[in-house]
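Dropping run-v4.txt in here (compact mmCIF, C-alpha atoms):
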# COMPACT_ATOMS: atom_id res chain seq x y z
CA MET A 1 0.00 0.00 0.00
CA SER A 2 1.37 3.39 -0.95
CA HIS A 3 -0.36 5.62 1.60
CA GLN A 4 1.79 8.56 2.54
CA ILE A 5 1.62 9.19 6.27
CA VAL A 6 2.00 12.93 6.71
CA PRO A 7 3.68 14.12 9.95
CA VAL A 8 1.33 15.73 12.49
CA LYS A 9 3.58 18.82 12.40
CA THR A 10 2.70 19.42 8.72
CA TYR A 11 -1.04 19.44 9.53
CA ILE A 12 -0.47 21.84 12.44
CA VAL A 13 1.60 24.22 10.28
CA VAL A 14 -1.05 24.18 7.49
CA PHE A 15 -3.78 24.82 10.10
CA ALA A 16 -1.78 27.77 11.51
CA GLY A 17 -1.44 29.14 7.96
CA LEU A 18 -5.21 28.83 7.43
CA ILE A 19 -5.92 30.70 10.70
CA GLY A 20 -3.41 33.39 9.71
CA LEU A 21 -5.10 33.86 6.32
CA THR A 22 -8.53 34.04 8.03
CA LEU A 23 -7.28 36.84 10.31
CA LEU A 24 -5.70 38.56 7.30
CA THR A 25 -8.88 38.50 5.18
CA THR A 26 -10.95 39.76 8.15
CA GLY A 27 -8.42 42.55 8.84
CA VAL A 28 -8.21 43.63 5.19
CA ALA A 29 -12.00 44.15 5.18
CA PHE A 30 -11.43 47.12 7.52
CA ILE A 31 -8.98 48.79 5.10
CA ASP A 32 -10.31 50.74 2.12
CA LEU A 33 -8.77 49.28 -1.04
CA GLY A 34 -11.65 50.19 -3.34
CA ALA A 35 -12.50 47.44 -5.81
CA PHE A 36 -9.39 45.52 -4.68
CA ASN A 37 -11.09 44.52 -1.41
CA THR A 38 -13.04 41.89 -3.34
CA VAL A 39 -9.96 40.79 -5.30
CA VAL A 40 -7.85 40.41 -2.14
CA ALA A 41 -10.66 38.50 -0.35
CA LEU A 42 -11.02 36.06 -3.26
CA VAL A 43 -7.26 35.57 -3.68
CA ILE A 44 -6.93 34.77 0.04
CA ALA A 45 -9.90 32.37 -0.14
CA PHE A 46 -8.27 30.69 -3.17
CA CYS A 47 -4.98 30.27 -1.28
CA LYS A 48 -6.84 28.75 1.69
CA MET A 49 -8.59 26.36 -0.70
CA LEU A 50 -5.25 25.26 -2.18
CA LEU A 51 -3.85 24.60 1.31
CA VAL A 52 -6.88 22.43 2.21
CA ILE A 53 -6.85 20.56 -1.12
CA PHE A 54 -3.12 19.86 -1.28
CA PHE A 55 -2.48 19.03 2.38
CA PHE A 56 -5.73 18.04 4.14
CA MET A 57 -7.20 16.33 1.05
CA HIS A 58 -3.82 14.80 0.13
CA LEU A 59 -3.82 15.99 -3.49
CA ARG A 60 -0.04 16.29 -3.05
CA HIS A 61 0.12 12.49 -2.92
CA SER A 62 -2.75 11.75 -5.31
CA GLY A 63 -2.38 10.29 -8.77
CA GLY A 64 -2.85 12.07 -12.09
CA LEU A 65 -6.38 10.73 -12.57
CA VAL A 66 -7.69 12.50 -9.44
CA ARG A 67 -5.94 15.72 -10.52
CA VAL A 68 -7.51 15.59 -14.01
CA VAL A 69 -10.98 14.99 -12.52
CA LEU A 70 -10.59 17.97 -10.18
CA LEU A 71 -9.21 20.23 -12.93
CA ALA A 72 -12.15 19.28 -15.17
CA GLY A 73 -14.52 20.33 -12.36
CA PHE A 74 -12.82 23.71 -11.95
CA PHE A 75 -12.73 24.19 -15.74
CA TRP A 76 -16.51 23.72 -15.98
CA LEU A 77 -17.08 26.01 -13.00
CA ALA A 78 -14.94 28.69 -14.69
CA LEU A 79 -17.00 28.28 -17.90
CA LEU A 80 -20.26 28.57 -15.96
CA ILE A 81 -19.30 31.79 -14.19
CA SER A 82 -17.24 33.51 -16.91
CA LEU A 83 -19.70 32.93 -19.78
CA THR A 84 -22.69 33.93 -17.63
CA MET A 85 -21.00 37.11 -16.43
CA SER A 86 -19.73 38.00 -19.90
CA ASP A 87 -23.36 37.90 -21.06
CA TYR A 88 -24.73 40.14 -18.28
CA ARG A 89 -21.79 42.56 -18.34
CA THR A 90 -21.95 43.22 -22.09
CA ARG A 91 -25.72 43.58 -22.49
CA SER A 92 -25.49 47.36 -22.08
CA TRP A 93 -22.81 47.68 -24.77
CA THR A 94 -25.32 47.81 -27.59
CA PRO A 95 -28.24 50.26 -27.47
CA THR A 96 -31.72 48.84 -27.02
CA PRO A 97 -34.03 49.95 -29.85
CA ASP A 98 -36.80 52.20 -28.54
CA ALA A 99 -39.43 49.83 -29.88
CA TRP A 100 -38.12 47.11 -27.47
CA SER A 101 -38.22 49.28 -24.42
CA THR A 102 -40.50 47.91 -21.70
CA THR A 103 -40.42 51.01 -19.48
CA ALA A 104 -42.39 53.17 -21.95
CA PRO A 105 -45.10 51.11 -23.68
CA PRO A 106 -45.61 52.21 -27.31
CA THR A 107 -48.65 54.39 -27.78
CA HIS A 108 -51.00 53.56 -30.60
CA PRO A 109 -52.46 56.49 -32.57
CA MET B 1 -13.03 -24.10 -4.67
CA ALA B 2 -13.96 -20.57 -5.66
CA ASP B 3 -15.77 -20.08 -2.36
CA ALA B 4 -12.80 -21.33 -0.41
CA HIS B 5 -10.58 -18.91 -2.33
CA SER B 6 -12.82 -15.91 -1.69
CA ALA B 7 -13.15 -16.84 1.96
CA GLN B 8 -9.36 -16.89 2.12
CA VAL B 9 -9.19 -13.44 0.51
CA GLN B 10 -11.86 -12.12 2.87
CA THR B 11 -9.93 -13.17 5.96
CA LYS B 12 -6.68 -11.87 4.52
CA TYR B 13 -8.13 -8.47 3.62
CA ALA B 14 -10.97 -7.48 5.94
CA GLY B 15 -13.14 -4.93 4.15
CA LEU B 16 -12.28 -5.98 0.58
CA ALA B 17 -15.30 -6.03 -1.75
CA HIS B 18 -15.35 -9.01 -4.11
CA GLN B 19 -15.07 -6.98 -7.33
CA PHE B 20 -11.58 -5.69 -6.48
CA GLU B 21 -8.22 -7.42 -6.87
CA ASP B 22 -6.79 -6.01 -3.67
CA LEU B 23 -7.21 -3.24 -1.12
CA ALA B 24 -4.93 -0.80 -2.96
CA GLN B 25 -7.14 -1.01 -6.08
CA GLN B 26 -10.28 -0.67 -3.95
CA HIS B 27 -8.82 2.35 -2.16
CA ASP B 28 -7.99 4.07 -5.49
CA ALA B 29 -11.53 3.41 -6.78
CA ASP B 30 -13.05 4.73 -3.52
CA THR B 31 -11.08 7.98 -3.56
CA LEU B 32 -11.66 8.54 -7.29
CA GLY B 33 -15.39 7.99 -6.71
CA ILE B 34 -15.63 10.60 -3.96
CA TRP B 35 -13.61 13.09 -6.05
CA VAL B 36 -16.06 12.67 -8.94
CA PHE B 37 -18.92 13.23 -6.47
CA LEU B 38 -17.18 16.36 -5.16
CA VAL B 39 -16.92 17.68 -8.73
CA THR B 40 -20.71 17.34 -9.04
CA GLU B 41 -20.93 19.24 -5.74
CA ILE B 42 -18.69 21.98 -7.17
CA MET B 43 -21.18 22.37 -10.03
CA PHE B 44 -24.15 22.22 -7.61
CA PHE B 45 -22.79 25.03 -5.43
CA GLY B 46 -21.33 26.70 -8.55
CA GLY B 47 -24.82 27.44 -9.90
CA VAL B 48 -25.72 29.32 -6.70
CA PHE B 49 -22.36 31.12 -6.72
CA ALA B 50 -22.90 32.20 -10.36
CA ALA B 51 -26.38 33.56 -9.55
CA TYR B 52 -24.89 35.35 -6.54
CA ALA B 53 -22.17 36.90 -8.77
CA ILE B 54 -24.78 38.31 -11.17
CA PHE B 55 -27.01 39.89 -8.52
CA ARG B 56 -24.14 41.15 -6.40
CA TRP B 57 -22.88 42.94 -9.50
CA LEU B 58 -26.35 44.29 -10.40
CA TYR B 59 -27.33 45.43 -6.87
CA PHE B 60 -23.99 45.98 -5.17
CA ALA B 61 -25.21 48.70 -2.77
CA ALA B 62 -28.05 46.50 -1.49
CA PHE B 63 -25.71 43.52 -1.04
CA ALA B 64 -23.15 45.64 0.83
CA GLY B 65 -25.92 47.04 3.07
CA GLY B 66 -27.18 43.54 3.87
CA SER B 67 -23.64 42.24 4.42
CA HIS B 68 -22.97 44.98 6.98
CA LEU B 69 -25.83 43.61 9.12
CA LEU B 70 -24.00 40.28 9.56
CA ASP B 71 -21.75 39.88 12.60
CA ILE B 72 -18.23 39.71 11.14
CA ARG B 73 -16.80 38.36 14.44
CA LEU B 74 -19.23 35.41 14.51
CA GLY B 75 -18.38 34.71 10.86
CA ALA B 76 -14.64 34.76 11.56
CA ILE B 77 -15.02 32.64 14.72
CA ASN B 78 -17.07 30.09 12.78
CA THR B 79 -14.39 30.01 10.06
CA VAL B 80 -11.75 29.18 12.70
CA VAL B 81 -14.04 26.53 14.25
CA LEU B 82 -14.60 24.89 10.88
CA LEU B 83 -10.91 25.00 9.94
CA GLY B 84 -10.22 23.39 13.33
CA SER B 85 -12.66 20.61 12.47
CA SER B 86 -10.78 20.06 9.21
CA LEU B 87 -7.55 19.71 11.20
CA THR B 88 -9.10 17.11 13.53
CA MET B 89 -10.58 15.33 10.48
CA ALA B 90 -7.13 15.18 8.83
CA LEU B 91 -5.72 13.84 12.13
CA SER B 92 -8.54 11.22 12.20
CA VAL B 93 -7.42 9.91 8.82
CA ARG B 94 -3.81 9.91 9.99
CA SER B 95 -4.77 8.00 13.16
CA ALA B 96 -6.50 5.39 11.01
CA GLN B 97 -3.40 5.15 8.78
CA VAL B 98 -1.13 4.43 11.74
CA GLY B 99 -3.72 2.09 13.31
CA ASN B 100 -4.35 4.08 16.52
CA ARG B 101 -7.98 3.26 17.22
CA ARG B 102 -8.28 5.35 20.39
CA ALA B 103 -6.93 8.50 18.66
CA LEU B 104 -9.16 7.81 15.64
CA VAL B 105 -12.32 7.78 17.79
CA LEU B 106 -11.10 10.82 19.77
CA PHE B 107 -10.44 12.93 16.66
CA LEU B 108 -13.68 11.86 14.98
CA VAL B 109 -15.65 12.88 18.09
CA LEU B 110 -13.72 16.19 18.24
CA THR B 111 -14.61 16.82 14.58
CA MET B 112 -18.28 16.19 15.40
CA ILE B 113 -18.13 18.57 18.39
CA LEU B 114 -16.52 21.35 16.31
CA GLY B 115 -19.07 20.78 13.53
CA GLY B 116 -21.85 21.00 16.12
CA ALA B 117 -20.34 24.22 17.52
CA PHE B 118 -20.35 25.72 14.01
CA LEU B 119 -24.03 24.83 13.59
CA GLY B 120 -24.79 26.28 17.04
CA VAL B 121 -23.26 29.65 16.12
CA LYS B 122 -25.10 29.50 12.78
CA ALA B 123 -28.41 28.84 14.58
CA TYR B 124 -27.76 31.85 16.85
CA GLU B 125 -27.10 34.02 13.76
CA TYR B 126 -30.33 32.78 12.14
CA HIS B 127 -32.18 33.62 15.37
CA GLN B 128 -30.74 37.16 15.27
CA LYS B 129 -32.14 37.59 11.75
CA PHE B 130 -35.61 36.79 13.06
CA VAL B 131 -35.14 39.26 15.94
CA GLU B 132 -34.10 41.96 13.44
CA HIS B 133 -36.98 41.04 11.09
CA ILE B 134 -34.65 40.49 8.12
CA VAL B 135 -35.66 36.97 7.13
CA PRO B 136 -36.93 37.23 3.54
CA SER B 137 -40.61 36.30 3.06
CA LEU B 138 -41.03 34.73 6.52
CA GLU B 139 -40.16 37.70 8.75
CA TRP B 140 -39.38 40.70 6.55
CA ALA B 141 -40.07 44.02 8.30
CA PRO B 142 -36.77 45.88 8.87
CA GLU B 143 -37.10 48.96 11.09
CA GLY B 144 -34.94 51.59 12.80
CA ASP B 145 -31.17 51.32 12.28
CA VAL B 146 -31.56 48.13 10.27
CA LEU B 147 -33.95 49.86 7.89
CA ALA B 148 -31.57 52.85 7.60
CA ARG B 149 -28.77 50.45 6.60
CA LEU B 150 -30.84 48.68 3.95
CA ALA B 151 -32.83 51.59 2.49
CA PRO B 152 -30.04 53.11 0.29
CA GLY B 153 -29.70 49.91 -1.80
CA GLY B 154 -33.44 49.34 -2.09
CA LEU B 155 -35.41 47.04 0.23
CA ASP B 156 -36.41 44.54 -2.45
CA HIS B 157 -32.77 44.05 -3.45
CA ALA B 158 -31.71 43.82 0.20
CA GLN B 159 -34.28 41.05 0.58
CA LEU B 160 -32.68 39.33 -2.39
CA TYR B 161 -29.31 39.47 -0.59
CA PHE B 162 -30.83 37.72 2.43
CA PHE B 163 -32.40 35.11 0.15
CA PHE B 164 -28.86 34.33 -1.03
CA TYR B 165 -27.57 34.45 2.55
CA PHE B 166 -30.09 31.87 3.76
CA ALA B 167 -29.93 29.69 0.64
CA MET B 168 -26.13 29.50 0.60
CA THR B 169 -25.54 29.09 4.35
CA GLY B 170 -28.58 26.79 4.55
CA LEU B 171 -27.26 24.47 1.82
CA HIS B 172 -23.89 24.55 3.54
CA ALA B 173 -25.43 23.75 6.94
CA LEU B 174 -27.38 20.85 5.37
CA HIS B 175 -24.06 19.42 4.13
CA MET B 176 -22.62 19.83 7.65
CA ILE B 177 -25.55 17.94 9.19
CA ILE B 178 -25.08 15.10 6.70
CA GLY B 179 -21.34 15.17 7.47
CA ILE B 180 -21.96 14.89 11.22
CA GLY B 181 -24.23 11.91 10.55
CA LEU B 182 -21.47 10.25 8.51
CA LEU B 183 -18.96 10.96 11.32
CA LEU B 184 -21.28 9.27 13.83
CA TRP B 185 -21.36 6.22 11.56
CA LEU B 186 -17.54 6.26 11.40
CA VAL B 187 -17.26 6.51 15.21
CA LEU B 188 -19.51 3.46 15.65
CA ARG B 189 -17.48 1.47 13.12
CA ALA B 190 -14.14 2.66 14.50
CA ARG B 191 -15.12 1.59 18.03
CA LYS B 192 -15.77 -1.91 16.71
CA GLY B 193 -12.30 -1.89 15.17
CA SER B 194 -13.44 -1.98 11.54
CA PHE B 195 -10.53 0.14 10.35
CA THR B 196 -6.93 -0.95 9.96
CA PRO B 197 -3.83 0.68 8.42
CA ASP B 198 -4.69 -1.33 5.27
CA TYR B 199 -8.42 -0.57 5.26
CA PHE B 200 -9.56 2.92 6.20
CA ALA B 201 -11.13 4.14 2.93
CA PRO B 202 -14.46 5.14 4.61
CA VAL B 203 -12.56 7.48 6.96
CA GLU B 204 -10.64 8.97 4.03
CA VAL B 205 -13.79 9.37 1.89
CA VAL B 206 -15.81 11.08 4.64
CA GLY B 207 -12.73 13.22 5.33
CA LEU B 208 -12.59 14.41 1.71
CA TYR B 209 -16.30 15.29 1.87
CA TRP B 210 -15.79 17.17 5.15
CA HIS B 211 -12.86 19.19 3.75
CA PHE B 212 -14.95 20.06 0.67
CA VAL B 213 -17.70 21.47 2.91
CA ASP B 214 -14.98 23.45 4.70
CA ILE B 215 -13.80 24.89 1.34
CA VAL B 216 -17.35 26.01 0.50
CA TRP B 217 -17.39 27.97 3.77
CA ILE B 218 -13.92 29.41 3.01
CA PHE B 219 -15.59 31.13 0.02
CA LEU B 220 -18.93 31.89 1.72
CA PHE B 221 -17.26 33.85 4.54
CA PRO B 222 -15.71 36.62 2.36
CA LEU B 223 -18.56 36.56 -0.17
CA LEU B 224 -21.36 37.02 2.39
CA TYR B 225 -19.71 38.77 5.36
CA LEU B 226 -17.08 41.01 3.76
CA ILE B 227 -18.97 42.72 0.89
CA GLY B 228 -17.94 46.34 0.44
CA GLY B 229 -15.54 46.35 3.39
CA ARG B 230 -16.20 47.58 6.95
CA TYR B 231 -14.17 50.81 6.99

Translate the structure described by the file into C-alpha cells.
Amino acid sequence: MSHQIVPVKTYIVVFAGLIGLTLLTTGVAFIDLGAFNTVVALVIAFCKMLLVIFFFMHLRHSGGLVRVVLLAGFFWLALLISLTMSDYRTRSWTPTPDAWSTTAPPTHP
Amino acid sequence: MADAHSAQVQTKYAGLAHQFEDLAQQHDADTLGIWVFLVTEIMFFGGVFAAYAIFRWLYFAAFAGGSHLLDIRLGAINTVVLLGSSLTMALSVRSAQVGNRRALVLFLVLTMILGGAFLGVKAYEYHQKFVEHIVPSLEWAPEGDVLARLAPGGLDHAQLYFFFYFAMTGLHALHMIIGIGLLLWLVLRARKGSFTPDYFAPVEVVGLYWHFVDIVWIFLFPLLYLIGGRY
C-alpha cells in the first residue's frame, strides 16, 4: 500500500497558515482598497482552498487521474461563471431599440 | 473451490469487496469515486455562486448594506471553528493510517463537536435575523437602524441578498448535518475496530467530503460577510 503518512507537524503548520489567512482576510476588510477589497478577499480564499486541497485532502500524494478529474470540475465552474458574467456585463454595450423598451409602452395612434 | 478462495481473501483483507483485486485497487476506486462526487458538488454550489455573482454585480449597494448587518466576528469565529474541524478530520485519517484506534475515535468525536459548535453559532445568527426582522418572506419588516442600513440599496434588493444568505448558508449547513451523521457512523465502526492501516477508505472518503464542505465555507465567509468592506 502506498499511503503517505504525513507528519502531524505538517497538519499543524497548514492549520496555523489557514488561521493566519482568516485573520488577514478579516483585517483587510477594515482597510479601504476600493475594488481591490473583493480581489484580495477572493485571492486569500483561493490560497486557503489550495492549502486544504493539497495538504488536508492529500492531493499532493494523489495520482494524475484525481488531478484531471478535479481540474475538469474547476474548468466547468470557470466556464459557468465567466460565460454567464460576460453575457450580463456586455448587455449594455449595444443600445436597445426604442421599440423594445418595456419602461415606456408604445402608444398607438 | 472458488468459495474457499474468496473466503481466504476475505480473511486476509478485511473490508475488501469481491469486485476488487486487492485493497490498494479498492482504495484508489473509492477515492476517485468521492472526487467525482465532489466535482458534481462543485457544479451544484457553482450554480448558486454564479447567480450570486450576477445579482451582487447588479445590486452591489443593497448587497453591501445587507452584508454589513451580519456579525463579522461570529463569521470569523465560525471560520476558525470549521478550519479546526478540518484539522481534527485530517488527524482522524492519519490516526487510522497508523492504526491508533483510540486516537481515531477521539479525533472523529472532536470533529463532530466542532461541527456541532459551528451549527450552534449558525443557529444563533439565524435567530438574530428573526429578531431583526430580516428573514426574507417569513419575517421581513426591517425597522430603525436596520432599515436605515438597507434603504439606500433598495429594500427589495436587500431582501434578495438575504435570500442568497439563507440559501447559501442553509445548503452549507445541510451538508454539515449530513457530514456529522457520517462521522457518527464512522465513530460506531471505528469503536468496533473496523478500520486498519490497510483498510480505512471510509474514513478517508468522509474526510474528503468534510474538507470540501470546509472549502465552501472558506468562500462563503468573504462573499457574504465582507462585501464592500467595513471601513

Between A:Lys48, A:Arg91, A:Lys9, A:His61, which is the closest to chain B once you count only C-alpha atoms?
A:Lys48

Within 7 Å of chain B, which residues of chain A show up when using only C-alpha atoms, listed as number ranges by chain?
A: 1, 5, 11, 15, 19, 29-32, 37, 41, 45, 49, 52, 56-57, 66, 69-70, 73, 77, 81, 85

Minimum-distance residue to His172 of chain B, chosen among B:Phe37, B:Tyr59, B:Phe118, B:Phe107 (using all atoms listed in the file)
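Using all atoms listed in the file, His172 of chain B sits closest to B:Phe118.
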
Could you check the closest approach to Met112 of chain B for each of B:Val135, B:Ala29, B:Leu184, B:Leu224 and tell me which residue wins, using only C-alpha atoms?
B:Leu184

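Minimum distance to His133 of chain B across B:Gly99, B:Val203, B:Thr169, B:Leu69 (counting only C-alpha atoms) occurs at B:Leu69.
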
Atomic distance atom CA of Leu18 of chain A - atom CA of Leu51 of chain A, expressed in Å with one decimal
7.6 Å

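Atom to atom, atom CA of Arg149 of chain B and atom CA of Gly27 of chain A stand 21.9 Å apart.
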
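Separating atom CA of Val109 of chain B from atom CA of Val187 of chain B is a distance of 7.2 Å.
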
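Checking B:Gly181, B:Gly66, B:Gly15, B:Gly115 one by one against His157 of chain B, counting all atoms listed in the file, you find the shortest gap at B:Gly66.
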